[in-house]
Amino acid sequence: MNRKHINRRDFLKTIGVGSVITTAAIYGCNTKESNGDVPIGKMTYRTNRNSGDKVSILGYGCMRLPTKPKIHEDDDDVIDQDMVNKLTDYAITHGVNYFDTSPRYCQGKSEEAVGIALKKHPRNKFLVATKLSNFIDDDEAPATREASMEMYHDSFKKLQVDHLDYYLLHAIGRSIEDYQKRFINNGMLDFLIEERKGGRIRNLGFSFHGNPQVFDYALSMHNKVHWDFVQIQLNYFDWEHASKDDVNANYLYGQLKKYNIQSVIMEPLRGGRLAKIEFHLFEKLKQMRPDDSAAAWAFRYAGSYPDVLTVLSGMTYMENLQENIKTYSPLHPVTDKEKSALNDIVDGISKFPYISCTGCKYCMPCPYGLDIPGIFAQYNKCLDEGNYPTNIQDKEYRKARRAFLLGLDRAVPRQRQPQNCVNCGACLPKCPQHIEIPTEMEKIDQFTNKLKLQSTEL
Ligand code: SF4
Ligand code: SF4
């Protein structure tokens, strides 16, 4: 809560215009369409208290649209428009009506692709949201009045609409000064309020990442601006346990409630982490709802708060779209008992920190021969399988200890294991997940040594 600033690289990454995390990385790589009935006409809707819009609780996030296979590794992404059209048609047929994009998503190609896909549908069948994605120190989208105006007018052209249903000041939260430069000093916020009066914007809001002082500052302007909605990060982990770079969702949601402002939810899966819950942690949820995936639990949680208008999900693959439609057709809000089971998962995740390595191998080769992704994969596998022994009194301790040590030796040769890391730092700038690789190596090494020493006590 005390964080004041975040650097530009991290900030752009957070809001999805920096490095890209694929949907495959979030959901797993299975791109097959799922079988089974996907309900039509059962979607849950929330009513916008200002405009009366009936908004589908599942919102389509258009930050990661499907792309065509690349011929050369460094080719630019080319959007697979046929697939975007197919997914959009399917979503609308199954009741999804909220589509969220930005001039900066998909290397600037998202708005146009979304506009093409929506064009053939009657205008009253969809609600389109886009953003003023101007950024102070970003050459591609500076925060001058001229560039901001151009971005605003371009959105209409690219989306092929004469009004925007939801318009957001994109990603406020770096600092109050940044907010003032982007929206106040250049007169853009006053202009957008006038545009709303003229009906070209139907709902005006902002999306938030970062410093809570900026959040409170923007809300303090509510009497003048009358925010129609605010987009926040909310999931069962961040409700009370947001990392130091984020703000607890219970604070954000609570503040909005005080102002009677409804929210749009992003990051219901916490960057994909909540779609992959370790087996031993997930068992209890499996007993309660055997057919539900970890992602379905996270989506149900995010949608259960009554002031939530819609929960955004980036659905690059048909099977993700189908699963989410099933989850929300209709939404069965989580019960208190289920919330308590989810809290146990939060405790478990916090206790056994999973390393968010995607196995991309960008950090390789390590000059000292470490198999960095192999070590992390084996470590995460032990967490998944419950083989992370911490309490010597635990009756499963001996078995888990053996599985951890033998598993590491079998998966990674000794000369490539963590004890050989010299903390040279060569791998650090190469990791797109910003994993503190040498620190993690030291932790795993210490843990392994502790287990080895404890052998004599058993
Ligand atoms: S810090 Fe460790 S893991 Fe990273 S490159 Fe150097 S020796 Fe290898
Ligand atoms: S670069 Fe990072 S995410 Fe990729 S394999 Fe290495 S540690 Fe894992």
# chains A, B, ... in the order shown; residues from 1 in each chain; ligands from 1
$ residues_around --residues "stretch 151-158 of chain A" --least-positions-apart "6" --cutoff "9 Å" --atoms "only C-alpha atoms" --output "ChimeraX atom specification"
/A:102-103,111-116,130-134,141,164
$ residues_near_ligand --ligand "ligand 2" --cutoff "7 Å" --atoms "only C-alpha atoms and all ligand atoms" --output "ChimeraX atom specification"
/A:356-364,372-373,430-435,437
$ atom_distance --atom1 "atom CA of A:Gly386" --atom2 "atom CA of A:His280"
5.6 Å
$ residues_around --residues "stretch 55-64 of chain A" --least-positions-apart "5" --cutoff "8 Å" --atoms "only C-alpha atoms" --output "ChimeraX atom specification"
/A:16,22-23,43-48,95-102,105-106,110,114,127,303,308-316,324-325,328
$ residues_near_ligand --ligand "ligand 1" --cutoff "12 Å" --atoms "only C-alpha atoms and all ligand atoms" --output "ChimeraX atom specification"
/A:361-376,415-431,435-442,444-445
$ atom_distance --atom1 "atom CA of A:Asn211" --atom2 "atom CA of A:Arg174"
6.0 Å
$ select_by_dssp --residues "stretch 75-222 of chain A" --states "alpha helix (DSSP H)" --output "NGL selection string"
:A and (81-93 or 105-108 or 110-119 or 145-159 or 176-179 or 188-197 or 212-220 or 222)
$ atom_distance --atom1 "atom CA of A:Gln81" --atom2 "atom CA of A:Leu118"
11.5 Å
$ select_by_dssp --residues "stretch 286-352 of chain A" --states "strand (DSSP E)" --output "list of chain:residue names"
A:Val308, A:Leu309, A:Thr310, A:Val311, A:Leu312, A:Ser313, A:Gly314
$ write_last_selection --atoms "N, CA, C and O atoms" --output "JSON list (two decimals), in the first residue's frame"
[["chain", "number", "residue", "atom", "x", "y", "z"],
["A", 308, "VAL", "N", -20.06, -6.14, -9.19],
["A", 308, "VAL", "CA", -19.24, -6.41, -10.38],
["A", 308, "VAL", "C", -20.15, -6.44, -11.61],
["A", 308, "VAL", "O", -21.13, -7.17, -11.65],
["A", 309, "LEU", "N", -19.79, -5.62, -12.59],
["A", 309, "LEU", "CA", -20.58, -5.59, -13.83],
["A", 309, "LEU", "C", -20.18, -6.74, -14.75],
["A", 309, "LEU", "O", -21.03, -7.41, -15.34],
["A", 310, "THR", "N", -18.88, -6.93, -14.91],
["A", 310, "THR", "CA", -18.41, -7.97, -15.81],
["A", 310, "THR", "C", -17.00, -8.38, -15.41],
["A", 310, "THR", "O", -16.27, -7.58, -14.82],
["A", 311, "VAL", "N", -16.65, -9.62, -15.73],
["A", 311, "VAL", "CA", -15.31, -10.16, -15.42],
["A", 311, "VAL", "C", -14.62, -10.43, -16.76],
["A", 311, "VAL", "O", -15.10, -11.22, -17.56],
["A", 312, "LEU", "N", -13.51, -9.76, -16.98],
["A", 312, "LEU", "CA", -12.83, -9.88, -18.27],
["A", 312, "LEU", "C", -11.96, -11.13, -18.33],
["A", 312, "LEU", "O", -11.26, -11.45, -17.37],
["A", 313, "SER", "N", -12.02, -11.77, -19.47],
["A", 313, "SER", "CA", -11.14, -12.91, -19.70],
["A", 313, "SER", "C", -10.62, -12.82, -21.13],
["A", 313, "SER", "O", -11.39, -12.62, -22.06],
["A", 314, "GLY", "N", -9.30, -12.96, -21.29],
["A", 314, "GLY", "CA", -8.72, -13.00, -22.64],
["A", 314, "GLY", "C", -8.83, -14.42, -23.15],
["A", 314, "GLY", "O", -8.19, -15.31, -22.62]]
$ closest_residue --among "A:His241, A:Arg196, A:Ala249, A:Met318" --to "A:His226" --atoms "only C-alpha atoms"
A:Arg196
$ closest_residue --among "A:Phe135, A:Ala294, A:Ala242, A:Ala275" --to "A:Gln180" --atoms "only C-alpha atoms"
A:Phe135
$ closest_residue --among "A:Arg402, A:His209, A:Lys381, A:Lys395" --to "A:Lys276" --atoms "only C-alpha atoms"
A:Lys381
$ closest_residue --among "A:Lys339, A:Arg401, A:Gly210, A:Asp409" --to "A:Gln454" --atoms "only C-alpha atoms"
A:Arg401
